[in-house]
Structure formats: structure tokens, C-alpha cells
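Asker: Structure file structure32.txt, compact mmCIF, C-alpha atoms, is pasted below:
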# COMPACT_ATOMS: atom_id res chain seq x y z
CA MET O 6 31.66 48.64 -41.79
CA LEU O 7 31.51 45.25 -40.13
CA ALA O 8 34.42 46.02 -37.86
CA ALA O 9 32.91 49.39 -36.96
CA GLY O 10 29.63 47.72 -36.05
CA ALA O 11 31.35 45.16 -33.88
CA LEU O 12 33.38 47.81 -32.10
CA ALA O 13 30.32 49.95 -31.46
CA SER O 14 28.30 47.17 -29.83
CA HIS O 15 31.13 45.33 -28.07
CA ALA O 16 33.62 48.01 -27.19
CA ALA O 17 34.68 46.29 -23.95
CA ALA O 18 36.01 43.00 -25.39
CA ALA O 19 36.29 42.63 -29.15
CA TYR O 20 37.85 39.25 -29.80
CA GLU O 21 38.99 37.55 -32.99
CA PRO O 22 36.62 34.90 -34.42
CA HIS O 23 38.83 32.05 -33.16
CA THR O 24 38.69 33.38 -29.58
CA ASN O 25 34.92 33.83 -29.82
CA TYR O 26 34.69 30.24 -31.09
CA MET O 27 36.66 29.11 -28.02
CA LEU O 28 34.49 31.15 -25.63
CA GLN O 29 31.06 30.48 -27.16
CA CYS O 30 31.24 27.13 -29.00
CA MET O 31 34.25 25.02 -27.98
CA GLY O 32 32.95 23.98 -24.55
CA CYS O 33 30.53 21.55 -26.24
CA HIS O 34 31.67 21.34 -29.89
CA LYS O 35 35.36 20.65 -28.95
CA PRO O 36 38.44 22.55 -30.16
CA ASP O 37 38.25 20.83 -33.61
CA GLY O 38 34.46 21.13 -34.04
CA SER O 39 33.91 17.37 -33.81
CA GLY O 40 31.35 17.68 -30.98
CA GLU O 41 29.77 14.70 -29.22
CA PRO O 42 27.33 13.36 -31.83
CA GLY O 43 26.36 10.43 -29.58
CA ARG O 44 25.20 12.84 -26.90
CA GLY O 45 23.44 15.44 -28.99
CA VAL O 46 26.35 17.79 -29.79
CA PRO O 47 26.58 17.92 -33.61
CA ASP O 48 29.83 17.64 -35.59
CA LEU O 49 30.32 21.10 -37.09
CA ARG O 50 32.96 19.88 -39.54
CA THR O 51 30.45 17.96 -41.66
CA SER O 52 27.31 20.09 -41.25
CA VAL O 53 28.08 23.82 -41.41
CA VAL O 54 29.24 24.07 -45.05
CA PRO O 55 26.48 21.76 -46.48
CA PHE O 56 23.82 23.62 -44.48
CA ALA O 57 25.16 26.99 -45.66
CA SER O 58 24.44 25.99 -49.27
CA LEU O 59 20.68 25.80 -48.55
CA PRO O 60 18.49 28.87 -47.79
CA GLN O 61 16.83 27.08 -44.87
CA GLY O 62 20.24 25.84 -43.75
CA ARG O 63 21.61 29.37 -43.56
CA ARG O 64 18.65 30.33 -41.39
CA TYR O 65 19.23 27.28 -39.18
CA LEU O 66 22.93 28.06 -38.61
CA VAL O 67 21.98 31.50 -37.27
CA GLN O 68 18.73 30.58 -35.50
CA VAL O 69 20.01 27.48 -33.68
CA PRO O 70 19.86 28.51 -29.99
CA GLY O 71 23.59 28.21 -29.30
CA ALA O 72 24.23 30.78 -32.04
CA ALA O 73 21.16 33.06 -31.86
CA GLN O 74 21.18 33.34 -28.07
CA SER O 75 24.93 33.80 -27.66
CA THR O 76 26.22 37.15 -26.43
CA LEU O 77 27.94 37.80 -29.79
CA SER O 78 26.90 40.75 -31.92
CA ASP O 79 25.48 40.02 -35.40
CA ALA O 80 28.84 40.88 -36.98
CA GLU O 81 30.75 38.68 -34.52
CA LEU O 82 28.35 35.76 -35.03
CA ALA O 83 28.73 36.07 -38.81
CA ALA O 84 32.52 36.07 -38.40
CA VAL O 85 32.46 32.95 -36.15
CA ILE O 86 30.26 30.95 -38.58
CA ASN O 87 32.54 32.02 -41.46
CA TRP O 88 35.58 31.00 -39.41
CA ILE O 89 34.11 27.54 -38.69
CA ALA O 90 33.26 27.06 -42.38
CA THR O 91 36.74 27.99 -43.57
CA GLN O 92 38.96 26.72 -40.73
CA LEU O 93 37.27 23.61 -39.25
CA SER O 94 35.16 22.18 -42.05
CA ALA O 95 35.94 18.69 -43.33
CA VAL O 96 33.73 19.48 -46.35
CA LYS O 97 35.54 21.60 -48.91
CA PRO O 98 34.53 25.23 -48.34
CA GLU O 99 35.10 26.46 -51.94
CA ARG O 100 31.44 27.15 -52.57
CA PHE O 101 30.77 28.60 -49.14
CA VAL O 102 29.14 32.04 -49.33
CA PRO O 103 30.20 34.03 -46.24
CA PHE O 104 27.57 35.42 -43.89
CA THR O 105 27.26 39.17 -43.36
CA ALA O 106 26.08 40.98 -40.23
CA GLY O 107 22.94 42.05 -42.11
CA GLU O 108 22.01 38.48 -43.08
CA VAL O 109 22.59 37.28 -39.51
CA ALA O 110 20.44 40.13 -38.14
CA ARG O 111 17.54 39.18 -40.46
CA TYR O 112 17.48 35.50 -39.46
CA ARG O 113 18.18 36.14 -35.80
CA ARG O 114 14.87 37.94 -35.24
CA THR O 115 12.94 34.69 -35.74
CA PRO O 116 13.41 32.12 -32.98
CA LEU O 117 13.82 28.42 -33.84
CA ILE O 118 11.74 26.25 -31.50
CA GLU O 119 11.83 22.72 -32.95
CA VAL O 120 15.58 22.52 -33.34
CA SER O 121 16.02 18.76 -33.77
CA ALA O 122 13.22 18.45 -36.31
CA ALA O 123 14.59 21.32 -38.37
CA ARG O 124 18.04 19.75 -38.31
CA ALA O 125 16.74 16.32 -39.38
CA ARG O 126 14.98 17.90 -42.39
CA LEU O 127 18.15 19.76 -43.35
CA LEU O 128 20.28 16.62 -43.13
CA GLN O 129 17.98 14.95 -45.67
CA GLN O 130 18.03 17.97 -48.02
CA ALA O 131 21.79 18.41 -47.78
CA ARG O 132 22.52 14.89 -49.01
CA MET M 6 49.70 78.32 52.60
CA SER M 7 52.67 80.68 52.70
CA TRP M 8 55.08 77.72 53.05
CA LEU M 9 53.88 76.44 49.63
CA ASP M 10 54.41 79.84 48.03
CA THR M 11 57.91 80.01 49.49
CA LEU M 12 58.78 76.47 48.32
CA THR M 13 57.54 77.17 44.76
CA GLU M 14 59.42 80.45 44.55
CA ASP M 15 62.67 78.97 45.90
CA THR M 16 62.51 76.00 43.54
CA ALA M 17 61.78 78.15 40.50
CA ARG M 18 64.64 80.53 41.32
CA ALA M 19 67.02 77.61 41.88
CA VAL M 20 66.10 76.11 38.47
CA ALA M 21 66.49 79.52 36.79
CA ARG M 22 70.00 79.97 38.31
CA ARG M 23 71.13 76.46 37.21
CA THR M 24 69.84 76.40 33.60
CA ALA M 25 70.26 78.56 30.51
CA ARG M 26 67.03 79.97 29.09
CA ARG M 27 67.91 78.68 25.60
CA GLY M 28 68.79 75.23 26.88
CA LEU M 29 65.18 74.08 26.87
CA LEU M 30 64.64 75.20 23.25
CA GLY M 31 67.85 73.43 22.23
CA SER M 32 66.93 70.13 23.85
CA LEU M 33 63.38 70.23 22.49
CA GLY M 34 64.68 71.00 19.01
CA ALA M 35 67.10 68.09 19.07
CA LEU M 36 64.32 65.76 20.22
CA LEU M 37 61.95 66.91 17.43
CA LEU M 38 64.60 66.58 14.71
CA GLY M 39 65.60 63.15 16.00
CA ALA M 40 61.99 61.96 15.95
CA ALA M 41 61.55 63.19 12.38
CA GLY M 42 64.73 61.42 11.28
CA LEU M 43 63.88 58.09 12.88
CA PRO M 44 61.56 56.67 10.16
CA LEU M 45 64.24 57.35 7.53
CA LEU M 46 66.63 54.88 9.10
CA PRO M 47 67.04 51.52 7.33
CA VAL M 48 65.87 49.82 10.50
CA ALA M 49 62.44 51.38 10.10
CA ARG M 50 62.16 50.28 6.46
CA GLY M 51 63.26 46.78 7.22
CA ALA M 52 60.54 46.40 9.81
CA SER M 53 57.71 47.76 7.59
CA PRO M 54 55.29 45.17 6.14
CA LYS M 55 55.78 43.96 2.52
CA PRO M 56 53.17 45.02 -0.05
CA ALA M 57 50.38 42.43 -0.40
CA GLY M 58 50.81 39.81 -3.12
CA ALA M 59 54.61 39.81 -3.30
CA GLY M 60 56.99 36.89 -3.05
CA ALA M 61 56.35 33.22 -2.42
CA ALA M 62 53.15 33.85 -0.47
CA ASP M 63 51.40 35.18 -3.62
CA LYS M 64 48.13 33.27 -3.69
CA THR M 65 47.42 34.28 -7.30
CA GLN M 66 50.32 32.02 -8.40
CA ASP M 67 49.52 28.99 -6.21
CA GLU M 68 47.19 26.50 -7.88
CA THR M 69 46.01 25.03 -4.59
CA GLN M 70 44.53 28.43 -3.68
CA CYS M 71 41.11 29.72 -4.69
CA GLU M 72 42.81 33.06 -5.43
CA TYR M 73 45.01 31.43 -8.14
CA TRP M 74 44.55 33.55 -11.28
CA ARG M 75 43.25 30.70 -13.46
CA HIS M 76 40.44 30.02 -10.99
CA CYS M 77 38.67 33.33 -11.73
CA ALA M 78 35.48 31.69 -13.02
CA ILE M 79 35.64 28.28 -11.32
CA ASP M 80 32.76 26.69 -9.40
CA GLY M 81 33.85 23.48 -7.68
CA TYR M 82 36.61 21.64 -5.79
CA LEU M 83 40.17 22.43 -6.92
CA CYS M 84 41.85 19.38 -8.48
CA GLY M 85 45.18 20.75 -7.19
CA CYS M 86 43.92 19.83 -3.69
CA CYS M 87 42.51 16.44 -4.77
CA GLY M 88 45.58 14.57 -6.06
CA GLY M 89 45.65 16.25 -9.48
CA SER M 90 46.56 19.76 -10.58
CA ALA M 91 44.97 22.81 -12.17
CA SER M 92 45.72 21.15 -15.53
CA ALA M 93 45.31 17.42 -14.87
CA CYS M 94 42.67 15.15 -13.36
CA PRO M 95 43.58 13.03 -10.29
CA PRO M 96 44.28 9.31 -10.91
CA GLY M 97 41.10 7.29 -11.18
CA THR M 98 39.05 10.10 -12.72
CA GLU M 99 38.43 11.12 -16.32
CA GLN M 100 38.05 14.57 -17.81
CA SER M 101 34.56 15.69 -18.82
CA ALA M 102 34.03 15.95 -22.57
CA VAL M 103 32.04 19.16 -22.45
CA THR M 104 33.05 22.12 -20.34
CA TRP M 105 32.58 25.74 -19.36
CA VAL M 106 35.01 28.15 -21.03
CA GLY M 107 35.89 31.68 -19.93
CA THR M 108 38.77 34.14 -19.71
CA CYS M 109 41.06 35.05 -16.79
CA HIS M 110 43.60 37.84 -16.38
CA ASN M 111 47.13 36.72 -15.44
CA PRO M 112 48.67 39.40 -13.20
CA ALA M 113 52.18 37.99 -13.85
CA ASP M 114 52.24 38.98 -17.55
CA GLY M 115 49.20 41.27 -17.76
CA LEU M 116 47.49 39.14 -20.46
CA ASP M 117 44.03 37.56 -20.66
CA TYR M 118 43.80 33.83 -21.38
CA VAL M 119 41.02 31.49 -22.48
CA ILE M 120 40.52 28.99 -19.64
CA SER M 121 38.66 25.68 -19.97
CA TYR M 122 37.11 24.44 -16.70
CA ASN M 123 36.99 20.71 -17.38
CA ASP M 124 35.47 18.70 -14.56
CA CYS M 125 37.08 15.44 -13.44
CA CYS M 126 34.58 12.63 -13.13
CA GLY M 127 34.31 9.04 -11.93
CA LYS M 128 34.97 9.26 -8.18
CA GLY M 129 32.89 10.66 -5.36
CA THR M 130 33.06 14.36 -4.54
CA CYS M 131 36.59 15.43 -3.47
CA GLY M 132 35.32 17.87 -0.86
CA ARG M 133 38.59 19.83 -0.46
CA CYS M 134 39.26 23.45 -1.48
CA LEU M 135 35.77 24.48 -2.56
CA CYS M 136 36.16 27.56 -4.75
CA ASN M 137 33.28 29.53 -6.21
CA ARG M 138 34.44 32.73 -7.93
CA ASN M 139 32.19 32.83 -11.01
CA GLU M 140 33.61 35.82 -12.90
CA ARG M 141 31.30 36.47 -15.90
CA ASP M 142 29.16 33.47 -15.02
CA THR M 143 25.53 34.15 -15.92
CA PRO M 144 22.34 32.97 -14.17
CA ILE M 145 21.06 29.63 -15.42
CA TYR M 146 18.30 31.33 -17.44
CA ILE M 147 21.12 32.63 -19.69
CA PRO M 148 22.30 29.06 -20.14
CA PHE M 149 25.17 29.39 -22.61
CA GLU M 150 27.34 31.37 -20.21
CA SER M 151 26.26 29.76 -16.94
CA ASN M 152 28.74 27.48 -15.16
CA ASP M 153 26.21 25.96 -12.75
CA TYR M 154 26.09 22.61 -14.53
CA ASP M 155 27.49 19.22 -13.61
CA TRP M 156 29.65 18.83 -16.71
CA CYS M 157 30.29 15.19 -15.82
CA SER M 158 26.79 14.36 -17.02
CA GLY M 159 27.99 15.21 -20.53
CA SER M 160 30.94 12.81 -20.43
CA SER M 161 31.35 9.59 -22.36
CA LYS M 162 30.12 7.55 -19.42
CA ALA M 163 26.67 8.84 -18.54
CA ASN M 164 25.96 10.19 -15.06
CA ILE M 165 29.33 9.44 -13.52
CA PRO M 166 29.94 11.41 -10.32
CA TYR M 167 31.70 14.79 -10.12
CA HIS M 168 35.07 14.80 -8.29
CA CYS M 169 36.85 18.15 -8.88
CA SER M 170 37.49 20.91 -11.45
CA THR M 171 40.57 21.84 -13.50
CA ALA M 172 41.37 25.23 -15.06
CA ARG M 173 43.40 24.56 -18.21
CA ILE M 174 44.94 27.33 -20.33
CA VAL M 175 43.68 26.99 -23.91
CA ALA M 176 45.20 30.05 -25.60
CA PRO M 177 45.72 33.79 -25.14
CA ALA M 178 42.42 35.67 -25.55
CA LYS M 179 42.92 38.12 -28.41
In C-alpha cells, how does this file's structure come out?

Answerer:
Amino acid sequence: MLAAGALASHAAAAYEPHTNYMLQCMGCHKPDGSGEPGRGVPDLRTSVVPFASLPQGRRYLVQVPGAAQSTLSDAELAAVINWIATQLSAVKPERFVPFTAGEVARYRRTPLIEVSAARARLLQQAR
Amino acid sequence: MSWLDTLTEDTARAVARRTARRGLLGSLGALLLGAAGLPLLPVARGASPKPAGAGAADKTQDETQCEYWRHCAIDGYLCGCCGGSASACPPGTEQSAVTWVGTCHNPADGLDYVISYNDCCGKGTCGRCLCNRNERDTPIYIPFESNDYDWCSGSSKANIPYHCSTARIVAPAK
């Protein structure tokens, strides 16, 4: 079902999650996900899996502008977040619950305005 | 005017006595066949122009050219014209940490590749080989796929000047 959804909405160029990571995320977050924390580009390796264990964190990972406003479909965005959590994370991903296209679609409808404040709250909760 | 009539008649009769009626058809036929056969000669083929994009003059395989295949989404001065290459920054500059990423089609093998357009920073503007092709670049109000930024401002040294742009192959796009 997921694949069918992705094909229907992105028939022209359906890429694997790794390629979509390279095209949509890597320019700022680096090939390994380490980012530029000193210049406001978070390290995905230490934040994605802890955030995904919190309900508000799951919303944040989808609603953060770089994800929500990307040109990826809901299914593709779910696949990229799941790929980051399983392939790049420095935090053990055993308890990571994968995102589905439906969950991404639900969160994506609500825009996140105060991004930095939401992230600071999550960092405190995740510790 | 009778002298003109006489001259015309005499000339025409003289020509008719000297030549065979079928001779004209024969000569014309030979001429037509010869003309049709001329373009088939190897000389004609040798002189015809080569198809565009073939051989050493292929601009899509020359990294100092804007038409180079990896430059399909570039917006800046080509580092290949500035003392570096399409993959490496010129001496005295450093590569930007953040970058614009897109895909380009390589006509040589028919595959699409992920290309990272890292800017080279730390020296004044190169000014040579400006290239602005912008395939799949979006307007700046769709910011995540717009290439109209000075990526040097995101480098480790703040606000160092932009010099030129590279177009590195990251991986095949699949």
C-alpha cells in the first residue's frame, strides 16, 4: 500500500529513501547526519530516535519545516525518517517504532511555527 | 525582318542535319543520373558536417564548460575555470559546509546522479565562467529546493566571501 501511494503521487521520480535523504536533507545535515550544531543545523544521529519515542517528538520530526515542507510525499517522508533512524542513528534504534504514511499525513496538516522552542522542550523531555 | 527568319531557319536546319534526335535525351539522361549519383560518393560524405556533440569538442564532457553534464543545476562561477576543478576547490579556498543538492543526467552512460554543488569560499569572487542553469531550482519562496543562496555564509568561518562552485558526484540517483 505504501509503495502504491508513493508511486501514485510521485510517478515521475520515485527514489529510494537514501537518495531522498541525499536530495532533501544532506545539503545541511551532512552525509552522516552530523549537521552543523554550532550553526543551527541539528545532529540527526542523536536526536531522531530519542524524539521518536515521545508523542510530541514524533509530531516534531514530521512538522519541522525541513520535513513538512519538503517535496516528498507522506509515504516518502515516513520512509526517509525511518531510514535516518535505522541507518544513521548513534542511539540504538531497537525501540524505534517506524512511521507510516498515515501518521505522517496526520501530523503534517498542522504547521510548527516556534521550531526552536519546541525542540528545546523536547531535548529536556528526551533526557 | 526576312533576313532574321532566313537565319533562324538555316541555323535550325543545320543543327537538325548534324545531330541525332535522341542525342539530346541521351545527354540529358546521363547528366541527371550523374547528379543523382554524386551525393553517394565517399567524397560527399567526408565533407558533410559531424553530428553535434560528438568527439573531443563535446561540451557536455568538458568541466570548464557551462554545458558540462554535472553543471545542470549550478548557479555560480565554475571552479574548473578558477584554478580548481568540478570536484575540488582552488588553492586558498575552503569548501562550504552546507550545500545545494540535485540530480543531473549523464549522457555518456544514460544514468542520473546526485550532485552536490559545494561552494568554495575564502577568496574574492572568481568572475570567470559564470554558469546559471538551475534545473529543478525553485523560487526562493520554496526555500528547501532553491539554489539562490550564498552557501559560504553557512561555512565554519562566518561570512567568508564566495569564490566559485563545484559539482561533485555523490552517488547514482536510484

Asker: Quick one: which residues from chain O are at most 7 Å off chain M, using all atoms listed in the file, as a PyMOL selection string?

Answerer: chain O and resi 20-21+24+28+32-33+71+75

Asker: For the point (35.6, 22.5, -47.2) in file coordinates, what residues are within 12 Å, counting all atoms listed in the file? Give the answer as a PyMOL selection string?

Answerer: chain O and resi 49-55+57-58+87-102

Asker: Please, could you write that set of residues out with C-alpha atoms as an mmCIF file, in the coordinates of the input?

Answerer:
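Result went into part-v2.cif, see below:
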data_model
loop_
_atom_site.group_PDB
_atom_site.id
_atom_site.type_symbol
_atom_site.label_atom_id
_atom_site.label_comp_id
_atom_site.auth_asym_id
_atom_site.auth_seq_id
_atom_site.Cartn_x
_atom_site.Cartn_y
_atom_site.Cartn_z
ATOM 1 C CA LEU O 49 30.320 21.100 -37.090
ATOM 2 C CA ARG O 50 32.960 19.880 -39.540
ATOM 3 C CA THR O 51 30.450 17.960 -41.660
ATOM 4 C CA SER O 52 27.310 20.090 -41.250
ATOM 5 C CA VAL O 53 28.080 23.820 -41.410
ATOM 6 C CA VAL O 54 29.240 24.070 -45.050
ATOM 7 C CA PRO O 55 26.480 21.760 -46.480
ATOM 8 C CA ALA O 57 25.160 26.990 -45.660
ATOM 9 C CA SER O 58 24.440 25.990 -49.270
ATOM 10 C CA ASN O 87 32.540 32.020 -41.460
ATOM 11 C CA TRP O 88 35.580 31.000 -39.410
ATOM 12 C CA ILE O 89 34.110 27.540 -38.690
ATOM 13 C CA ALA O 90 33.260 27.060 -42.380
ATOM 14 C CA THR O 91 36.740 27.990 -43.570
ATOM 15 C CA GLN O 92 38.960 26.720 -40.730
ATOM 16 C CA LEU O 93 37.270 23.610 -39.250
ATOM 17 C CA SER O 94 35.160 22.180 -42.050
ATOM 18 C CA ALA O 95 35.940 18.690 -43.330
ATOM 19 C CA VAL O 96 33.730 19.480 -46.350
ATOM 20 C CA LYS O 97 35.540 21.600 -48.910
ATOM 21 C CA PRO O 98 34.530 25.230 -48.340
ATOM 22 C CA GLU O 99 35.100 26.460 -51.940
ATOM 23 C CA ARG O 100 31.440 27.150 -52.570
ATOM 24 C CA PHE O 101 30.770 28.600 -49.140
ATOM 25 C CA VAL O 102 29.140 32.040 -49.330
#

Asker: Quick one: residues within 9 Å of (29.1, 21.4, -13.7) (file frame), counting all atoms listed in the file, please, as a list in words.

Answerer: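 Answer for this query, in the requested form: Asp80, Gly81, Thr104, Trp105, Asn123, Asp124, Asn152, Asp153, Tyr154, Asp155, Trp156, Cys157, Ser158, Tyr167 and Ser170 of chain M.
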
Asker: Mind giving me the straight-line distance from CA of Ser92 (chain M) to CA of Arg75 (chain M) in Å, one decimal?

Answerer: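 Result for CA of Ser92 (chain M) versus CA of Arg75 (chain M): 10.1 Å, one decimal.
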
Asker: Let me make sure I understand: among O:Gln61, O:Glu41, O:Met27, O:His34, which one has the smallest atom-to-atom distance to Arg124 (chain O) if we use only C-alpha atoms?

Answerer: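 Smallest distance to Arg124 (chain O) is found for O:Gln61.
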
Asker: Would you compute the distance between CA of Gln100 (chain M) and CA of Ala73 (chain O)? Give it in Å to one decimal.

Answerer: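 Taking CA of Gln100 (chain M) and CA of Ala73 (chain O), their separation equals 28.7 Å.
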
Asker: Return as AutoDock Vina command-line options the box centre and box size in Å, one decimal, for an axis-aligned box around all listed atoms of region 52-61 of chain O padded by 5 Å per side.

Answerer:
--center_x 23.0 --center_y 24.5 --center_z -45.3 --size_x 22.4 --size_y 18.8 --size_z 18.0

Asker: What separation in Å, quoted to one decimal, exists between CA of Asp37 (chain O) and CA of Arg138 (chain M)?

Answerer: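 Calculated distance between CA of Asp37 (chain O) and CA of Arg138 (chain M) is 28.6 Å.
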
Asker: Go through O:Ile118, O:Phe104, O:Thr76, O:Arg64 one by one, measure the shortest atom-to-atom distance of each to Thr143 (chain M) using only C-alpha atoms, and give the residue with the smallest value.

Answerer: O:Thr76

Asker: Show which residues sit within 9 Å of His110 (chain M), as a PyMOL selection string. Count all atoms listed in the file, and ignore same-chain residues fewer than 3 positions away.

Answerer: chain M and resi 74-75+77+113-118

Asker: I'd like to know which of O:Gln129, O:Asp79, O:Ile86, O:Gln74 is closest to Glu108 (chain O), using all atoms listed in the file.

Answerer: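 Of the candidates, the smallest distance to Glu108 (chain O) is held by O:Asp79.
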
Asker: Pick the closest to Ser151 (chain M) from M:Ile79, M:Ile174, M:Glu99, M:Cys131: which is it, counting only C-alpha atoms?

Answerer: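 Of M:Ile79, M:Ile174, M:Glu99, M:Cys131, the one nearest Ser151 (chain M) is M:Ile79, counting only C-alpha atoms.
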